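S.K.: Below are the structure tokens for one structure; questions will follow.
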Amino acid sequence: MHINFEDERPIFIQIAEGIEDAILTGAFSESSQIPSITELSVSYKINPATALKGISILVDDGIIFKKRGVGMFVAPGAVSKLRNKRKELFFDHYIKKLIEEAKKLGISNAEILRMVERGYKE
Amino acid sequence: MNGIEIKNVTKTFGDTLALNEVSLKFDPHKIYGLLGRNGAGKSTLLNIITNRLFADSGDITIDGLASVENDQAQNKVYLMSEKNLYPGSMSCKEAFKWSQSFYPNFDIDYALNIARLFGLDPKKKIRALSTGYSSIFKIVIALSVNTPYVLFDEPVLGLDANHRELFYKLLIEKYSENTFTAIISTHLIDEISTLLESVMIIKNGEILVNAACETLLSKGYSVTGTTTHVDDFIQDKDVIGIDTLGGLKTATLIGDLDKNNLPEGLEITSLDLQKLFIKLTNEE
């Protein structure tokens with residue numbers, strides 16, 4: 001998990017997304033325990049309130065659940081939930097940016113499609 | 001009333017106005033950054049809170065108790081300052097024991113444990129410590145006193161990168177296990193910005209900024225583009241800095257940015273705390 005402090009997005013969002021990525025790649029599998037707030041804060045050198053804010057997003061989304069006195073765990077079904085959520089964001093995060101940059105460079109719609117096809121083949 | 005409350009504090013040294021009617025409040029259980037350029041008044045403020053200096057006028061209360069010559073109030077606060085107040089002939093371990101007689105919650109086992117992590121020999125005499133280890137010795141005490149308020153004045157002076165990293169990690173660990181209020185005055189803003197919940201910036205003895213770190217960062221941004229584009233954009237905005245490079249102009253602004261309503265040809269970048277600090281405290 002990587003936190004980029006140069007990134008414009010707030011750190012708590014990056015913490016949430018970092019954990020989401022770890023769940024999607026299987027580094028944190030469903031029903032397994034994730035690091036505590038203290039562990040996250042210490043290893044990323046961030047205020048515990050920031051880490052807690054990031055985790056709260058995942059708890060609210062039903063990705064993470066807390067067991068009192070034990071710790072925090074990945075919810076069963078978290079992976080498919082995350083995939084659906086990420087697919088919805090795919091257009092905003094990637095396609096819009098791609099088109100923006102393409103316009104700057106004068107790349108046409110047809111050219112982009114050819115590049116995508118090439119990318120899939122490689 | 002909880003927290004450290006500072007009301008209209010003024011302090012002069014001869015003709016120099018060090019603090020001018022400063023009012024602010026440090027809430028319990030938060031990590032504060034007290035930032036300012038050299039001579040801005042940071043140390044003066046911390047020294048007044050802890051009775052090492054006295055204000056010309058104004059009041060300070062600590063958890064509702066008057067701070068001046070009041071042991072009950074002062075026992076709640078520890079100031080790690082640049083000055084070493086321990087006798088040089090004392091060993092570090094003796095100093096830890098001595099500290100315990102003033103601060104009953106001082107944790108000697110913890111102090112010895114973290115001294116070992118820093119590679120500080122507890123048998124060493126205080127006067128024999130290098131600049132870096134002298135800071136480490138003071139850090140060890142500050143992290144072990146367990147007072148509700150711990151004030152750090154330039155805590156990482158002379159520390160190498162590894163030891164600074166260790167200090168930040170121990171501070172967070174300590175803070176998340178048993179929360180207290182930390183007020184940290186430092187020039188190494190980049191290193192500490194992610195630890196801070198709130199930021200106070202002092203300039204020429206006055207409070208320039210007093211805001212939650214996240215709020216402050218979300219309001220600072222810069223726009224880059226051609227001079228005409230940028231000039232048009234910044235007309236009705238709060239500009240804190242301008243840089244030009246040939247025909248390219250970058251303006252640093254404070255305010256809410258409407259991301260959906262940006263003119264063409266302008267590039268927006270967010271600011272980190274250090275950049276924001278530099279722009280805000282630059283003398284014109």
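Going through the structure tokens in order, the chains are called A, B, and so on, while each chain numbers its residues from 1 and the ligands are numbered from 1 in the order shown.
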Kindly assemble as JSON lines a list of the chain A residues that lie within 9 Å of chain B, each paired with its nearest atom pair and their distance in Å to one decimal, using only C-alpha atoms, sorted first by chain and then by ascending residue number.
M.R.:
{"residue": "A:Phe5", "atom": "CA", "partner": "B:Thr194", "partner_atom": "CA", "distance": 8.3}
{"residue": "A:Glu6", "atom": "CA", "partner": "B:Asp272", "partner_atom": "CA", "distance": 7.4}
{"residue": "A:Asp7", "atom": "CA", "partner": "B:Ser270", "partner_atom": "CA", "distance": 8.2}
{"residue": "A:Glu8", "atom": "CA", "partner": "B:Ser270", "partner_atom": "CA", "distance": 5.6}
{"residue": "A:Arg9", "atom": "CA", "partner": "B:Ser270", "partner_atom": "CA", "distance": 8.8}
{"residue": "A:Pro10", "atom": "CA", "partner": "B:Glu214", "partner_atom": "CA", "distance": 7.7}
{"residue": "A:Ile11", "atom": "CA", "partner": "B:Thr194", "partner_atom": "CA", "distance": 8.2}
{"residue": "A:Ile37", "atom": "CA", "partner": "B:Ser176", "partner_atom": "CA", "distance": 8.2}
{"residue": "A:Thr38", "atom": "CA", "partner": "B:Ser176", "partner_atom": "CA", "distance": 6.0}
{"residue": "A:Glu39", "atom": "CA", "partner": "B:Glu173", "partner_atom": "CA", "distance": 8.2}
{"residue": "A:Ser41", "atom": "CA", "partner": "B:Ile172", "partner_atom": "CA", "distance": 6.8}
{"residue": "A:Val42", "atom": "CA", "partner": "B:Lys169", "partner_atom": "CA", "distance": 5.2}
{"residue": "A:Ser43", "atom": "CA", "partner": "B:Lys169", "partner_atom": "CA", "distance": 7.5}
{"residue": "A:Tyr44", "atom": "CA", "partner": "B:Lys169", "partner_atom": "CA", "distance": 8.8}
{"residue": "A:Lys45", "atom": "CA", "partner": "B:Lys169", "partner_atom": "CA", "distance": 6.2}
{"residue": "A:Ile46", "atom": "CA", "partner": "B:Leu195", "partner_atom": "CA", "distance": 4.7}
{"residue": "A:Asn47", "atom": "CA", "partner": "B:Leu195", "partner_atom": "CA", "distance": 4.4}
{"residue": "A:Pro48", "atom": "CA", "partner": "B:Ser176", "partner_atom": "CA", "distance": 6.4}
{"residue": "A:Ala49", "atom": "CA", "partner": "B:Glu197", "partner_atom": "CA", "distance": 7.9}
{"residue": "A:Thr50", "atom": "CA", "partner": "B:Glu197", "partner_atom": "CA", "distance": 8.4}
S.K.: Kindly export the residues of the current selection with C-alpha atoms, as a PDB file, in the first residue's frame.
M.R.:
ATOM      1  CA  PHE A   5       1.721  12.819   0.105  1.00  0.00           C
ATOM      2  CA  GLU A   6       2.112  14.884  -3.072  1.00  0.00           C
ATOM      3  CA  ASP A   7      -1.255  13.643  -4.261  1.00  0.00           C
ATOM      4  CA  GLU A   8      -4.024  16.231  -4.213  1.00  0.00           C
ATOM      5  CA  ARG A   9      -6.486  13.818  -2.692  1.00  0.00           C
ATOM      6  CA  PRO A  10      -6.791  13.930   1.095  1.00  0.00           C
ATOM      7  CA  ILE A  11      -4.764  11.306   2.947  1.00  0.00           C
ATOM      8  CA  ILE A  37      -5.570   2.253  13.538  1.00  0.00           C
ATOM      9  CA  THR A  38      -2.367   2.542  15.572  1.00  0.00           C
ATOM     10  CA  GLU A  39      -0.441   0.272  13.191  1.00  0.00           C
ATOM     11  CA  SER A  41      -0.918   5.591  11.764  1.00  0.00           C
ATOM     12  CA  VAL A  42       2.562   4.597  12.867  1.00  0.00           C
ATOM     13  CA  SER A  43       3.575   2.963   9.621  1.00  0.00           C
ATOM     14  CA  TYR A  44       2.325   5.835   7.444  1.00  0.00           C
ATOM     15  CA  LYS A  45       3.264   8.526   9.984  1.00  0.00           C
ATOM     16  CA  ILE A  46      -0.202  10.009   9.981  1.00  0.00           C
ATOM     17  CA  ASN A  47      -2.475  11.323  12.694  1.00  0.00           C
ATOM     18  CA  PRO A  48      -4.679   8.505  14.072  1.00  0.00           C
ATOM     19  CA  ALA A  49      -7.747  10.666  13.424  1.00  0.00           C
ATOM     20  CA  THR A  50      -6.856  10.618   9.716  1.00  0.00           C
TER      21      THR A  50
END
S.K.: Would you kindly return, as a PyMOL selection string, each protein, DNA or RNA residue with an atom no farther than 8 Å from any atom of A:Ile15, considering only C-alpha atoms and excluding same-chain residues fewer than 2 positions away?
M.R.: chain A and resi 3+11-13+17-19+51+54-55
S.K.: Can you list, as JSON, numbers by chain, all residues belonging to stretch 9-172 of chain B that DSSP tags as alpha helix (DSSP H)?
M.R.: {"B": [42, 43, 44, 45, 46, 47, 48, 49, 71, 72, 73, 74, 92, 93, 94, 95, 96, 97, 98, 99, 100, 101, 102, 108, 109, 110, 111, 112, 113, 114, 115, 116, 117, 118, 131, 132, 133, 134, 135, 136, 137, 138, 139, 140, 141, 142, 143, 144, 161, 162, 163, 164, 165, 166, 167, 168, 169, 170, 171, 172]}
S.K.: Once you have the residues from the selection above, write them out as a CSV table (one decimal), in the first residue's frame, restricted to C-alpha atoms.
M.R.:
chain,number,residue,atom,x,y,z
B,42,LYS,CA,6.7,30.6,19.0
B,43,SER,CA,9.2,30.0,21.8
B,44,THR,CA,8.0,33.1,23.7
B,45,LEU,CA,4.5,31.7,23.7
B,46,LEU,CA,5.5,28.2,24.9
B,47,ASN,CA,7.7,29.7,27.6
B,48,ILE,CA,4.9,31.9,28.8
B,49,ILE,CA,2.5,29.0,29.1
B,71,ASP,CA,1.7,24.3,40.6
B,72,GLN,CA,-1.6,22.5,40.0
B,73,ALA,CA,-1.8,24.0,36.6
B,74,GLN,CA,1.9,23.6,35.7
B,92,CYS,CA,20.6,10.4,31.8
B,93,LYS,CA,19.2,7.7,34.0
B,94,GLU,CA,19.5,9.9,37.1
B,95,ALA,CA,17.7,12.6,35.2
B,96,PHE,CA,14.9,10.2,34.5
B,97,LYS,CA,14.6,9.4,38.2
B,98,TRP,CA,14.8,13.1,39.1
B,99,SER,CA,12.0,13.8,36.6
B,100,GLN,CA,9.8,11.3,38.3
B,101,SER,CA,9.9,13.2,41.5
B,102,PHE,CA,8.4,16.2,39.7
B,108,ILE,CA,11.1,5.2,33.8
B,109,ASP,CA,10.8,1.7,32.1
B,110,TYR,CA,9.4,3.4,29.0
B,111,ALA,CA,12.1,6.0,29.0
B,112,LEU,CA,14.9,3.4,29.2
B,113,ASN,CA,13.2,1.4,26.5
B,114,ILE,CA,13.0,4.2,24.0
B,115,ALA,CA,16.5,5.5,25.0
B,116,ARG,CA,17.7,2.1,23.8
B,117,LEU,CA,15.8,2.4,20.5
B,118,PHE,CA,17.6,5.7,19.9
B,131,THR,CA,23.8,18.1,20.0
B,132,GLY,CA,21.7,15.3,18.5
B,133,TYR,CA,21.8,13.1,21.6
B,134,SER,CA,21.0,16.1,23.7
B,135,SER,CA,17.8,16.5,21.7
B,136,ILE,CA,17.2,12.8,22.0
B,137,PHE,CA,17.6,12.9,25.8
B,138,LYS,CA,15.0,15.6,26.0
B,139,ILE,CA,12.7,13.8,23.6
B,140,VAL,CA,12.9,10.7,25.8
B,141,ILE,CA,11.8,12.7,28.8
B,142,ALA,CA,9.0,14.5,26.9
B,143,LEU,CA,7.6,11.2,25.7
B,144,SER,CA,7.8,9.6,29.2
B,161,ALA,CA,16.7,11.4,9.4
B,162,ASN,CA,16.4,8.0,11.0
B,163,HIS,CA,16.1,9.4,14.5
B,164,ARG,CA,13.5,12.0,13.3
B,165,GLU,CA,11.5,9.2,11.8
B,166,LEU,CA,11.7,7.2,15.0
B,167,PHE,CA,10.6,10.2,17.0
B,168,TYR,CA,7.5,10.7,14.8
B,169,LYS,CA,6.6,7.1,15.1
B,170,LEU,CA,7.0,7.0,18.8
B,171,LEU,CA,4.9,10.1,19.1
B,172,ILE,CA,2.1,8.7,17.1
S.K.: Pick out the residues sitting within 10 Å of B:Gly88, and hand them over as a PyMOL selection string; count only C-alpha atoms, and ignore anything fewer than 3 positions along from it in its own chain.
M.R.: chain B and resi 84-85+91-92+95+125-129
S.K.: Please save C-alpha atoms of the selected residues as a PDB file, in the first residue's frame.
M.R.:
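Okay, this is what ended up in out23.pdb:
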ATOM      1  CA  ASN B  84      18.740  22.002  28.928  1.00  0.00           C
ATOM      2  CA  LEU B  85      17.573  22.511  32.496  1.00  0.00           C
ATOM      3  CA  SER B  91      23.618  10.866  34.070  1.00  0.00           C
ATOM      4  CA  CYS B  92      20.594  10.412  31.812  1.00  0.00           C
ATOM      5  CA  ALA B  95      17.734  12.632  35.240  1.00  0.00           C
ATOM      6  CA  LYS B 125      26.523  12.257  31.630  1.00  0.00           C
ATOM      7  CA  ILE B 126      24.257  14.984  30.216  1.00  0.00           C
ATOM      8  CA  ARG B 127      27.153  17.352  29.533  1.00  0.00           C
ATOM      9  CA  ALA B 128      28.861  14.685  27.408  1.00  0.00           C
ATOM     10  CA  LEU B 129      25.940  14.404  24.962  1.00  0.00           C
TER      11      LEU B 129
END
S.K.: Can you check which residues of stretch 186-231 of chain B DSSP gives as strand (DSSP E) on the backbone and send them as a ChimeraX atom specification?
M.R.: /B:198-203,206-212,220-226
S.K.: Go ahead and dump the residues you just picked, C-alpha atoms, as a PDB file, in the first residue's frame.
M.R.:
ATOM      1  CA  SER B 198      -4.516  21.670  13.599  1.00  0.00           C
ATOM      2  CA  VAL B 199      -2.108  24.364  12.590  1.00  0.00           C
ATOM      3  CA  MET B 200      -1.366  27.717  14.173  1.00  0.00           C
ATOM      4  CA  ILE B 201       0.876  30.052  12.236  1.00  0.00           C
ATOM      5  CA  ILE B 202       2.456  32.984  14.079  1.00  0.00           C
ATOM      6  CA  LYS B 203       3.832  35.940  12.176  1.00  0.00           C
ATOM      7  CA  GLU B 206       0.346  37.654  15.860  1.00  0.00           C
ATOM      8  CA  ILE B 207      -1.720  34.620  14.957  1.00  0.00           C
ATOM      9  CA  LEU B 208      -1.988  34.504  11.191  1.00  0.00           C
ATOM     10  CA  VAL B 209      -3.710  31.146  10.786  1.00  0.00           C
ATOM     11  CA  ASN B 210      -5.555  28.958  13.250  1.00  0.00           C
ATOM     12  CA  ALA B 211      -7.259  26.119  11.407  1.00  0.00           C
ATOM     13  CA  ALA B 212      -7.697  22.394  11.063  1.00  0.00           C
ATOM     14  CA  GLY B 220      -4.864  26.557  -0.649  1.00  0.00           C
ATOM     15  CA  TYR B 221      -4.148  26.004  -4.334  1.00  0.00           C
ATOM     16  CA  SER B 222      -2.167  27.489  -7.168  1.00  0.00           C
ATOM     17  CA  VAL B 223      -3.091  28.233 -10.767  1.00  0.00           C
ATOM     18  CA  THR B 224      -0.637  28.271 -13.628  1.00  0.00           C
ATOM     19  CA  GLY B 225      -1.184  29.611 -17.134  1.00  0.00           C
ATOM     20  CA  THR B 226      -0.440  32.531 -19.405  1.00  0.00           C
TER      21      THR B 226
END
S.K.: Can you pull out every residue within 8 Å of stretch 74-81 of chain A, counting only C-alpha atoms, but drop anything in the same chain fewer than 4 positions away, and send it as a list in words?
M.R.: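 So the residues in contact are Ile23, Leu24, Phe28, Ser29, Glu30, Ser31, Ser32, Gln33, Ile34, Gly62, Ile63, Ile64, Phe65 and Lys85 of chain A.
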S.K.: When you draw a straight line from atom CA of B:Leu35 to atom CA of B:Asn204, how long is it in Å?
M.R.: 11.8 Å
S.K.: If you measure from atom CA of B:Gly33 to atom CA of B:Asn146, what distance in Å do you get, rounded to one decimal?
M.R.: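 Between atom CA of B:Gly33 and atom CA of B:Asn146 the gap is 19.3 Å.
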S.K.: Quick one: everything within 6 Å of stretch 9-21 of chain B, counting only C-alpha atoms, minus sequence neighbours fewer than 5 positions away in the same chain. Send it as a VMD selection string.
M.R.: chain B and resid 41 55 to 58 205 to 206
S.K.: Generate the output file for the selected residues, N, CA and C atoms, as a compact mmCIF listing (two decimals), in the first residue's frame.
M.R.:
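Printed below is part-v9.txt as written:
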# COMPACT_ATOMS: atom_id res chain seq x y z
N GLY B 41 7.78 34.38 17.49
CA GLY B 41 7.16 34.41 18.82
C GLY B 41 6.72 33.05 19.34
N ALA B 55 4.03 37.12 30.89
CA ALA B 55 3.45 38.05 29.93
C ALA B 55 3.34 39.44 30.55
N ASP B 56 3.40 40.48 29.70
CA ASP B 56 3.16 41.84 30.18
C ASP B 56 1.69 42.01 30.54
N SER B 57 0.85 41.41 29.71
CA SER B 57 -0.59 41.46 30.00
C SER B 57 -1.26 40.26 29.36
N GLY B 58 -2.48 40.00 29.79
CA GLY B 58 -3.23 38.85 29.25
C GLY B 58 -3.27 37.70 30.23
N GLY B 205 4.54 38.02 15.93
CA GLY B 205 3.85 38.10 17.22
C GLY B 205 2.34 38.06 17.15
N GLU B 206 1.80 37.76 15.97
CA GLU B 206 0.35 37.65 15.86
C GLU B 206 -0.05 36.34 15.21
S.K.: So which residues touch B:Asn2 within 9 Å, counting only C-alpha atoms, skipping near sequence neighbours fewer than 2 positions away, as a ChimeraX atom specification?
M.R.: /B:4-5,26-28,62-64
S.K.: Taking only C-alpha atoms into account, which of B:Gly255, B:Pro263, B:Gly246, B:Pro148 comes nearest B:Asp232?
M.R.: B:Pro263
S.K.: One decimal, Å: what's the distance from atom CA of B:Lys259 over to atom CA of B:Asp243, could you say?
M.R.: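 We find that atom CA of B:Lys259 and atom CA of B:Asp243 lie 22.2 Å from each other.
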